[in-house]
Amino acid sequence: MNYSRMKDLLGPHYAQLHDHSYISNELGIVYGDPRIFMLVIGQSQPPFIIDDYRLGIFVSGEIHVNINLVERHITPGTIVFLGPGTIISPISFNGKIEVYGLGLFTDFPMPFASGQMPLAFNGQVRDFQIKVGESEISTARQIFDTIWQVVHQPDYNRHIVSSLVAAMMHHYDGIYRQHIDLLKASQSREQTIFDRFIYLVNQHATREHQIGFYADKMCLTERYLGTVIRQASGTTAKEWIDRALIEHIKIELKHTDKSIAQISDEMDFPNPSFFSKFFKRLADKTPSEYRLSK
């Protein structure tokens with residue numbers, strides 16, 4: 001769900017959304033009005049994959065969504081980060097949604113040099129959703145409101161916006177660091193292993209389908225890793241790997257014109273026949289049936 005796709009989906013409706021949204025080749029902004037999300041979901045089929053940076057402030061309503069394999073219940077007073085590679089499948093929306101969101105597209109002049117990104121955005125974290133207090137929300141809103149005002153000035157200065165985005169990212173990074181410190185103090189070893197496993201699965205499942213790869217990465221035995229994952233989640237490690245793989249395949253089938261043979265090869269299956277049998281077993285449809293379905 002990149003700039004080009006967003007532009008195609010929202011273009012015909014932009015006039016009616018103008019007061020609450022902004023989109024350019026560098027950044028996109030949602031200013032309180034949830035209709036932009038409803039349009040995207042109504043005109044395109046999940047799962048979606050994000051290939052840029054998204055920062056959000058959730059003010060009212062509730063969203064139930066699957067983010068990178070894990071179901072999340074997002075409530076008011078939550079800040080949200082979605083990084084490149086994040087896979088999203090909305091489940092339900094409740095109440096009057098009010099959300100402020102910022103998308104930094106590929107052409108945006110990032111305010112940090114390579115290797116100097118804040119911890120929360122340096123690639124080691126794919127997403128986070130953190131419930132925060134009123135003061136943290138207020139600070140985020142003030143920065144966000146200033147960005148909104150600057151992009152609507154006749155002499156819009158992209159360097160000012162880049163600096164404001166840097167301030168927002170530092171603010172989110174500070175919240176994330178405090179959150180991680182609290183988790184380290186309270187989280188069990190099993191939950192820590194599970195979180196690390198899910199992170200690796202989201203990164204590598206398209207090419208690495210077996211638990212042994214992840215066990216080696218984590219310096220654990222396959223048996224121990226499998227036991228911990230089942231205890232922590234109630235689901236086997238192989239099932240988590242297969243879930244991630246299926247989500248990626250669905251994205252390729254729905255949002256690209258690649259042939260089934262090409263997708264099979266890119267996902268490291270031995271042949272298209274094996275690929276099709278695997279997909280049908282988990283999705284109850286053949287790849288061709290899924291691609292044609294609404």
# chains A, B, ... in the order shown; residues from 1 in each chain; ligands from 1
>>> residues_around(residues="Glu247 (chain A)", least_positions_apart="5", cutoff="10 Å", atoms="only C-alpha atoms", output="JSON, numbers by chain")
{"A": [46, 47, 48, 49, 68, 69, 87, 88, 89, 202, 205, 206, 242, 252, 253, 283]}
>>> residues_around(residues="Ile241 (chain A)", least_positions_apart="4", cutoff="9 Å", atoms="only C-alpha atoms", output="count of residues only")
13
>>> closest_residue(among="A:Gly56, A:Gly115, A:Gly83, A:Gly133", to="Tyr100 (chain A)", atoms="only C-alpha atoms")
A:Gly56
>>> closest_residue(among="A:Ile130, A:Leu164, A:Val125, A:Ile260", to="Pro272 (chain A)", atoms="only C-alpha atoms")
A:Ile260
>>> residues_around(residues="Glu62 (chain A)", least_positions_apart="4", cutoff="7 Å", atoms="only C-alpha atoms", output="ChimeraX atom specification")
/A:74-75,93-95,97
>>> residues_around(residues="Leu225 (chain A)", least_positions_apart="3", cutoff="12 Å", atoms="only C-alpha atoms", output="MDAnalysis selection string")
chainID A and resid 189:198 211:222 228:232 236:238
>>> atom_distance(atom1="CA of Thr78 (chain A)", atom2="CA of Ile180 (chain A)")
15.6 Å
>>> select_by_dssp(residues="region 181-239 of chain A", states="alpha helix (DSSP H)", output="PyMOL selection string")
chain A and resi 181-186+189-204+211-217+222-233+237-239
>>> write_last_selection(atoms="N, CA and C atoms", output="compact mmCIF listing (two decimals), in the first residue's frame")
# COMPACT_ATOMS: atom_id res chain seq x y z
N ASP A 181 11.90 -0.93 28.37
CA ASP A 181 12.47 -1.10 29.71
C ASP A 181 11.46 -1.75 30.65
N LEU A 182 10.21 -1.31 30.56
CA LEU A 182 9.17 -1.90 31.41
C LEU A 182 8.92 -3.36 31.04
N LEU A 183 8.95 -3.66 29.74
CA LEU A 183 8.75 -5.04 29.30
C LEU A 183 9.86 -5.95 29.81
N LYS A 184 11.09 -5.46 29.73
CA LYS A 184 12.22 -6.26 30.18
C LYS A 184 12.10 -6.62 31.66
N ALA A 185 11.52 -5.70 32.41
CA ALA A 185 11.39 -5.93 33.86
C ALA A 185 10.26 -6.89 34.19
N SER A 186 9.26 -6.97 33.30
CA SER A 186 8.07 -7.76 33.64
C SER A 186 7.83 -8.97 32.73
N ARG A 189 10.75 -14.97 30.09
CA ARG A 189 11.69 -15.40 29.07
C ARG A 189 10.94 -16.02 27.89
N GLU A 190 9.88 -16.75 28.17
CA GLU A 190 9.10 -17.38 27.10
C GLU A 190 8.50 -16.33 26.17
N GLN A 191 7.94 -15.26 26.74
CA GLN A 191 7.34 -14.22 25.91
C GLN A 191 8.39 -13.48 25.09
N THR A 192 9.57 -13.29 25.68
CA THR A 192 10.67 -12.64 24.96
C THR A 192 11.09 -13.49 23.77
N ILE A 193 11.20 -14.81 23.97
CA ILE A 193 11.54 -15.72 22.88
C ILE A 193 10.46 -15.69 21.80
N PHE A 194 9.19 -15.70 22.22
CA PHE A 194 8.10 -15.67 21.25
C PHE A 194 8.14 -14.40 20.41
N ASP A 195 8.34 -13.25 21.05
CA ASP A 195 8.39 -11.98 20.32
C ASP A 195 9.53 -11.97 19.30
N ARG A 196 10.67 -12.49 19.70
CA ARG A 196 11.82 -12.54 18.79
C ARG A 196 11.55 -13.49 17.63
N PHE A 197 10.91 -14.61 17.93
CA PHE A 197 10.56 -15.59 16.89
C PHE A 197 9.62 -14.98 15.85
N ILE A 198 8.58 -14.28 16.32
CA ILE A 198 7.62 -13.67 15.40
C ILE A 198 8.30 -12.61 14.55
N TYR A 199 9.20 -11.84 15.13
CA TYR A 199 9.95 -10.84 14.36
C TYR A 199 10.73 -11.51 13.24
N LEU A 200 11.42 -12.61 13.55
CA LEU A 200 12.22 -13.31 12.54
C LEU A 200 11.32 -13.95 11.47
N VAL A 201 10.19 -14.50 11.89
CA VAL A 201 9.26 -15.11 10.94
C VAL A 201 8.75 -14.06 9.95
N ASN A 202 8.39 -12.89 10.45
CA ASN A 202 7.93 -11.82 9.56
C ASN A 202 9.00 -11.40 8.57
N GLN A 203 10.25 -11.51 8.96
CA GLN A 203 11.35 -11.14 8.08
C GLN A 203 11.67 -12.21 7.03
N HIS A 204 11.61 -13.49 7.42
CA HIS A 204 12.22 -14.54 6.60
C HIS A 204 11.28 -15.62 6.08
N ILE A 211 11.44 -24.68 10.95
CA ILE A 211 11.75 -24.16 12.27
C ILE A 211 13.26 -24.16 12.55
N GLY A 212 13.99 -25.05 11.91
CA GLY A 212 15.42 -25.14 12.16
C GLY A 212 16.15 -23.84 11.89
N PHE A 213 15.76 -23.14 10.85
CA PHE A 213 16.39 -21.86 10.51
C PHE A 213 16.25 -20.89 11.67
N TYR A 214 15.06 -20.79 12.25
CA TYR A 214 14.79 -19.83 13.31
C TYR A 214 15.47 -20.24 14.61
N ALA A 215 15.52 -21.54 14.87
CA ALA A 215 16.21 -22.03 16.05
C ALA A 215 17.70 -21.67 15.98
N ASP A 216 18.30 -21.85 14.80
CA ASP A 216 19.72 -21.50 14.63
C ASP A 216 19.94 -20.01 14.84
N LYS A 217 19.04 -19.19 14.29
CA LYS A 217 19.15 -17.74 14.44
C LYS A 217 19.10 -17.32 15.91
N GLU A 222 15.78 -26.86 18.11
CA GLU A 222 14.45 -26.88 17.51
C GLU A 222 13.39 -27.32 18.54
N ARG A 223 13.74 -28.34 19.30
CA ARG A 223 12.77 -28.87 20.26
C ARG A 223 12.41 -27.83 21.31
N TYR A 224 13.43 -27.14 21.84
CA TYR A 224 13.17 -26.14 22.88
C TYR A 224 12.35 -24.98 22.32
N LEU A 225 12.73 -24.50 21.14
CA LEU A 225 12.01 -23.39 20.53
C LEU A 225 10.55 -23.77 20.27
N GLY A 226 10.34 -24.98 19.73
CA GLY A 226 8.97 -25.44 19.47
C GLY A 226 8.14 -25.51 20.73
N THR A 227 8.74 -26.00 21.81
CA THR A 227 8.03 -26.11 23.09
C THR A 227 7.66 -24.73 23.62
N VAL A 228 8.60 -23.80 23.58
CA VAL A 228 8.35 -22.46 24.11
C VAL A 228 7.26 -21.75 23.30
N ILE A 229 7.31 -21.85 21.99
CA ILE A 229 6.33 -21.17 21.14
C ILE A 229 4.93 -21.72 21.40
N ARG A 230 4.81 -23.02 21.53
CA ARG A 230 3.50 -23.61 21.82
C ARG A 230 3.00 -23.16 23.19
N GLN A 231 3.88 -23.14 24.19
CA GLN A 231 3.47 -22.73 25.53
C GLN A 231 3.07 -21.26 25.58
N ALA A 232 3.80 -20.42 24.83
CA ALA A 232 3.55 -18.97 24.87
C ALA A 232 2.32 -18.57 24.09
N SER A 233 2.00 -19.33 23.03
CA SER A 233 0.94 -18.88 22.12
C SER A 233 -0.20 -19.87 21.92
N ALA A 237 5.16 -23.60 16.25
CA ALA A 237 6.06 -22.73 15.50
C ALA A 237 5.82 -22.86 14.00
N LYS A 238 5.61 -24.10 13.52
CA LYS A 238 5.38 -24.31 12.09
C LYS A 238 4.10 -23.63 11.62
N GLU A 239 3.08 -23.62 12.46
CA GLU A 239 1.85 -22.94 12.09
C GLU A 239 2.07 -21.44 11.95
>>> atom_distance(atom1="CA of Met169 (chain A)", atom2="CA of Pro118 (chain A)")
7.4 Å
>>> select_by_dssp(residues="region 23-272 of chain A", states="strand (DSSP E or B)", output="ChimeraX atom specification")
/A:23,27-32,48-49,53-67,70-74,78-82,87-104,127-131
>>> closest_residue(among="A:Asp268, A:Leu82, A:Leu282, A:Val99", to="Trp240 (chain A)", atoms="only C-alpha atoms")
A:Leu282
>>> closest_residue(among="A:Tyr172, A:Phe278, A:Phe105, A:Trp148", to="Phe81 (chain A)", atoms="only C-alpha atoms")
A:Tyr172
>>> atom_distance(atom1="CA of Ile143 (chain A)", atom2="CA of Asp107 (chain A)")
21.0 Å
>>> closest_residue(among="A:Leu17, A:Ile251, A:Ile79, A:Ile263", to="His171 (chain A)", atoms="only C-alpha atoms")
A:Ile79
>>> closest_residue(among="A:Arg54, A:Asp145, A:Leu102, A:Tyr156", to="Gln129 (chain A)", atoms="only C-alpha atoms")
A:Arg54
>>> residues_around(residues="Ile29 (chain A)", least_positions_apart="2", cutoff="8 Å", atoms="only C-alpha atoms", output="PyMOL selection string")
chain A and resi 21-23+27+31+100-103+148
